[in-house]
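**Q** Before we start, here is the structure in question, set down as structure tokens.
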Amino acid sequence: MSVMISAVIPVFNGERFLVNTLDSLLNQTFKDFEIICINDASTDSSISIINQYSGKLNIRVIDLKTNLGHVPFIIKTYGIPNVQGQYFTYLSQDDFLSNDCFEQMYNTARQLDADAVIPDFVYYTSSNSDKKLIGVNGNRDILLTGLEAFNLSLDWTIPGAALWRIELVRRSGYEDFNMYADEYAIRKFFLKCNKVAFCPGVFYYRVDNPAAITKKMKPALFSKVFKETKLLQLVYYNSDQKMFEKRLVTLINMFYDYHQILFQQKFTKAEHSLAKNELMNAFGLFNDFIKQIKFTFYEADKTIWIKYRVLRSDYVLLYLFCRLKYLLKH
């Protein structure tokens with residue numbers, strides 16, 4: 001049965017905040033929506049909590065037999081193919097919405113024929129939630145092109161939590177190359193948009209969940225640099241030279257920052273190897289890209305050119321360089 005909005009929620013051991021998330025959906029003033037909960041082989045009471053809402057909400061549960069732990073892959077493989085709505089949105093198991101969020105997003109999408117509608121975005125903690133993003137620097141009335149939204153999303157001037165036209169999402173294709181692939185995917189979505197609008201509904205993004213996948217230091221977190229490298233490619237082919245060079249400098253420095261973080265971690269030998277491989281894979285992609293576009297660092301920024309040369313050198317030299325930089329700071 002067709003609905004207007006489909007909300008996809010991957011769930012793994014989310015019992016601590018799941019009731020709050022589902023209650024916020026139960027209390028929506030807009031009722032023509034479905035929820036697709038993808039249970040990633042939870043071992044706590046998550047599935048029991050979801051089942052308690054089965055008679056109250058239009059909710060479908062997809063049970064995975066083994067834990068995948070890869071949210072973008074789960075959304076791409078089990079979420080998007082099962083969406084029946086005309087519009088799509090995604091929530092983590094600890095996010096929640098204001099009661100009017102769906103109504104505000106849907107009405108704005110229809111009235112303005114927008115491909116994406118972004119509600120107010122609140123970085124939520126139980127003690128202090130002052131940090132929020134409203135429109136573009138407080139202006140909700142602005143209507144953006146896809147490229148404008150893409151550029152503003154690069155430094156999170158605008159967030160990626162939005163109501164998306166499902167045809168756009170399917171045409172663009174969801175990404176699942178690593179745990180940060182969703183951050184790349186939403187930038188691709190923005191580039192496909194003709195219109196991006198804003199509304200006064202509220203998306204509460206919880207940042208005080210100690211069990212969140214990004215809160216614990218592990219090798220997979222080093223894959224963020226790979227995502228940033230792919231994002232740099234999007235910038236090169238879609239934005240301007242100034243934005244590209246700005247992102248390039250940021251990425252080169254990120255390679256150093258993440259190597260310094262790696263050298264400071266008390267990883268096992270196997271964990272260290274996995275994290276190092278993440279960084280090397282990212283740099284391999286970056287180096288191939290730089291060669292492909294024949295970019296000349298020396299003409300753009302001599303300091304960055306030196307850093308790039310060190311990154312291309314022997315790993316021991318890179319290690320010594322990062323250790324020296326760390327010692328000078330401390």
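Going by the structure tokens order, chains are called A, B, ..., each with residues numbered from 1, while ligands are numbered from 1 in the order shown.
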Check segment 130-324 of chain A with DSSP on the backbone and list each residue it calls strand (DSSP E or B), as an MDAnalysis selection string.
**A** chainID A and resid 132:133 136 139 144 163:165 196:206
**Q** Give me, as a tab-separated table, each residue of segment 25-63 of chain A that comes within 9 Å of segment 73-78 of chain A, together with its shortest interatomic pair and the distance in Å at one decimal, counting only C-alpha atoms, with rows ordered by chain and rising residue number.
**A**
```
residue	atom	partner	partner_atom	distance
A:Ile38	CA	A:Tyr78	CA	7.3
A:Asp40	CA	A:Ile74	CA	8.3
A:Ile62	CA	A:Tyr78	CA	7.6
```
**Q** Check the smallest atom-to-atom distance from each of A:Gln93, A:Thr268, A:Val71, A:Cys37 to Phe17 of chain A using only C-alpha atoms, then report the winner.
**A**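 Using only C-alpha atoms, Phe17 of chain A sits closest to A:Gln93.
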**Q** Find the residues around Tyr184 of chain A up to 10 Å (only C-alpha atoms counted), leave out those fewer than 2 positions away in its own chain, and share them as a compact mmCIF listing (two decimals) with N, CA and C atoms, in the first residue's frame.
**A**
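Writing done, so here's part.txt:
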```txt
# COMPACT_ATOMS: atom_id res chain seq x y z
N LEU A 154 29.16 20.94 2.79
CA LEU A 154 30.54 20.43 2.92
C LEU A 154 31.11 20.69 4.31
N GLY A 160 22.51 17.05 6.63
CA GLY A 160 22.02 16.10 5.63
C GLY A 160 20.73 15.42 6.03
N TYR A 174 22.24 4.91 -3.42
CA TYR A 174 22.82 5.02 -2.08
C TYR A 174 24.23 4.43 -2.10
N GLU A 175 25.09 4.89 -1.23
CA GLU A 175 26.48 4.43 -1.18
C GLU A 175 26.71 3.57 0.05
N ASP A 176 27.62 2.59 -0.07
CA ASP A 176 27.88 1.71 1.08
C ASP A 176 29.35 1.30 1.17
N PHE A 177 30.27 2.14 0.66
CA PHE A 177 31.68 1.74 0.60
C PHE A 177 32.33 1.63 1.97
N TYR A 180 31.03 5.60 6.65
CA TYR A 180 30.75 7.01 6.44
C TYR A 180 30.11 7.28 5.08
N ALA A 181 29.74 6.22 4.38
CA ALA A 181 29.24 6.37 3.02
C ALA A 181 27.96 7.19 2.95
N ASP A 182 27.15 7.17 4.02
CA ASP A 182 25.90 7.94 3.99
C ASP A 182 26.18 9.44 3.92
N ILE A 186 24.52 11.71 0.78
CA ILE A 186 23.63 12.87 0.84
C ILE A 186 24.17 14.04 0.02
N ARG A 187 25.50 14.13 -0.12
CA ARG A 187 26.07 15.17 -0.99
C ARG A 187 25.73 14.88 -2.45
N LYS A 188 25.75 13.60 -2.82
CA LYS A 188 25.31 13.23 -4.17
C LYS A 188 23.84 13.58 -4.39
N PHE A 189 23.03 13.34 -3.36
CA PHE A 189 21.60 13.67 -3.47
C PHE A 189 21.42 15.18 -3.70
N LYS A 227 36.32 8.48 2.83
CA LYS A 227 35.11 9.21 2.46
C LYS A 227 35.43 10.63 2.06
N GLU A 228 36.32 11.28 2.80
CA GLU A 228 36.69 12.65 2.47
C GLU A 228 37.42 12.73 1.13
N LYS A 230 36.85 10.70 -1.48
CA LYS A 230 35.82 10.60 -2.50
C LYS A 230 35.01 11.89 -2.60
N LEU A 231 34.82 12.53 -1.47
CA LEU A 231 34.10 13.80 -1.46
C LEU A 231 34.89 14.88 -2.19
N LEU A 234 34.12 14.68 -5.77
CA LEU A 234 32.84 15.32 -6.08
C LEU A 234 33.00 16.84 -6.19
```
**Q** Go through segment 160-262 of chain A and collect every residue that DSSP, computed from the backbone, puts in alpha helix (DSSP H); the answer should be as a VMD selection string.
**A** chain A and resid 166 to 172 181 to 192 224 to 238 241 to 262
**Q** One decimal, Å: what's the distance from atom CA of Phe263 of chain A over to atom CA of Met280 of chain A, could you say?
**A** 14.3 Å
**Q** Which of these residues is nearest to Thr108 of chain A, using only C-alpha atoms: A:Gly284, A:Pro159, A:Gly201, A:Gly173?
**A**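 With only C-alpha atoms as the atom set, the closest residue is A:Gly201.
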**Q** Could you pull the residues within 6 Å of Glu278 of chain A, counting only C-alpha atoms, minus those fewer than 2 positions along the same chain, as a list in words?
**A**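 So, after excluding close chain neighbours, the residues are Phe222, Ser223, Ala275, Lys276, Met280 and Asn281 of chain A.
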**Q** Store the residues of this selection in a file with C-alpha atoms, as a CSV table (one decimal), in the first residue's frame.
**A**
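Everything below was put into out.csv:
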```csv
chain,number,residue,atom,x,y,z
A,222,PHE,CA,39.9,5.7,10.1
A,223,SER,CA,37.8,5.1,7.0
A,275,ALA,CA,43.6,1.3,10.8
A,276,LYS,CA,46.9,1.8,8.8
A,280,MET,CA,46.8,3.7,3.0
A,281,ASN,CA,43.7,2.8,0.9
```
**Q** Quick one: residues within 12 Å of Asn151 of chain A, only C-alpha atoms counted, chain neighbours fewer than 2 positions away excluded, as JSON, numbers by chain?
**A** {"A": [136, 144, 145, 146, 147, 148, 149, 153, 154, 155, 156, 157, 158, 159, 186, 187, 188, 190, 191, 231, 232, 234, 235, 236, 238, 239, 240, 242, 243, 244, 246, 247]}
**Q** Go through A:Gln86, A:Gln52, A:Asn137, A:Ser129 and flag the residue nearest Met4 of chain A, using only C-alpha atoms for the distances.
**A**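 Closest candidate: A:Gln86.
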**Q** In terms of the shortest atom-to-atom distance over only C-alpha atoms, which of A:Tyr308, A:Tyr90, A:Phe203, A:Tyr53 is closest to Phe286 of chain A?
**A**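 Counting only C-alpha atoms, the residue closest to Phe286 of chain A is A:Tyr308.
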**Q** Please, what distance in Å, to one decimal, runs between atom CA of Leu18 of chain A and atom CA of Phe96 of chain A?
**A**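 Taking atom CA of Leu18 of chain A as the start and atom CA of Phe96 of chain A as the end point, the length is 9.1 Å.
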**Q** How many Å lie between atom CA of Trp164 of chain A and atom CA of Asn178 of chain A, rounded to one decimal?
**A**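 One can read the atom CA of Trp164 of chain A to atom CA of Asn178 of chain A distance as 21.7 Å.
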**Q** Write out as a list in words the residues lying within 12 Å of Trp305 of chain A, counting only C-alpha atoms and excluding same-chain residues fewer than 4 positions away.
**A** Leu248, Val249, Ile252, Asn253, Ile290, Phe295, Thr296, Phe297, Tyr298, Glu299, Ala300, Asp301, Arg309, Val310, Leu311 and Arg312 of chain A
**Q** Please save N, CA and C atoms of the selected residues as a compact mmCIF listing (two decimals), in the first residue's frame.
**A**
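Printed below is selection.txt as written:
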```txt
# COMPACT_ATOMS: atom_id res chain seq x y z
N LEU A 248 41.13 20.42 -0.47
CA LEU A 248 42.39 19.70 -0.65
C LEU A 248 43.32 19.92 0.53
N VAL A 249 43.46 21.17 0.96
CA VAL A 249 44.30 21.49 2.12
C VAL A 249 43.77 20.79 3.36
N ILE A 252 44.67 16.99 3.12
CA ILE A 252 46.08 16.71 3.39
C ILE A 252 46.36 16.77 4.89
N ASN A 253 45.84 17.80 5.54
CA ASN A 253 46.03 17.91 6.99
C ASN A 253 45.33 16.79 7.74
N ILE A 290 44.97 12.59 -7.89
CA ILE A 290 45.84 13.74 -8.14
C ILE A 290 46.62 13.55 -9.45
N PHE A 295 47.18 17.63 -11.02
CA PHE A 295 47.21 18.80 -10.16
C PHE A 295 48.63 19.08 -9.67
N THR A 296 49.04 20.36 -9.70
CA THR A 296 50.38 20.76 -9.28
C THR A 296 50.31 21.44 -7.92
N PHE A 297 50.73 20.73 -6.88
CA PHE A 297 50.69 21.26 -5.52
C PHE A 297 51.57 22.48 -5.36
N TYR A 298 52.75 22.41 -5.93
CA TYR A 298 53.75 23.44 -5.67
C TYR A 298 53.26 24.82 -6.06
N GLU A 299 52.48 24.89 -7.13
CA GLU A 299 51.97 26.18 -7.58
C GLU A 299 50.83 26.67 -6.70
N ALA A 300 50.14 25.75 -6.05
CA ALA A 300 48.97 26.12 -5.24
C ALA A 300 49.36 26.49 -3.81
N ASP A 301 50.19 25.65 -3.18
CA ASP A 301 50.54 25.85 -1.77
C ASP A 301 51.81 25.06 -1.48
N ARG A 309 54.51 15.38 -0.43
CA ARG A 309 55.72 14.62 -0.73
C ARG A 309 56.08 13.67 0.41
N VAL A 310 55.90 14.14 1.64
CA VAL A 310 56.18 13.27 2.79
C VAL A 310 55.20 12.10 2.82
N LEU A 311 53.93 12.38 2.54
CA LEU A 311 52.94 11.31 2.52
C LEU A 311 53.27 10.25 1.47
N ARG A 312 53.87 10.67 0.37
CA ARG A 312 54.24 9.73 -0.69
C ARG A 312 55.53 8.98 -0.38
```
**Q** May I ask which of the residues A:Met105, A:Leu262, A:Ala114, A:Ala161 is the closest one to Lys192 of chain A, counting only C-alpha atoms?
**A**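 Counting only C-alpha atoms, the residue closest to Lys192 of chain A is A:Ala114.
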**Q** Check the smallest atom-to-atom distance from each of A:Leu279, A:Ala162, A:Met254, A:Val207 to Pro219 of chain A using only C-alpha atoms, then report the winner.
**A**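 Nearest candidate to Pro219 of chain A out of A:Leu279, A:Ala162, A:Met254, A:Val207: A:Leu279.
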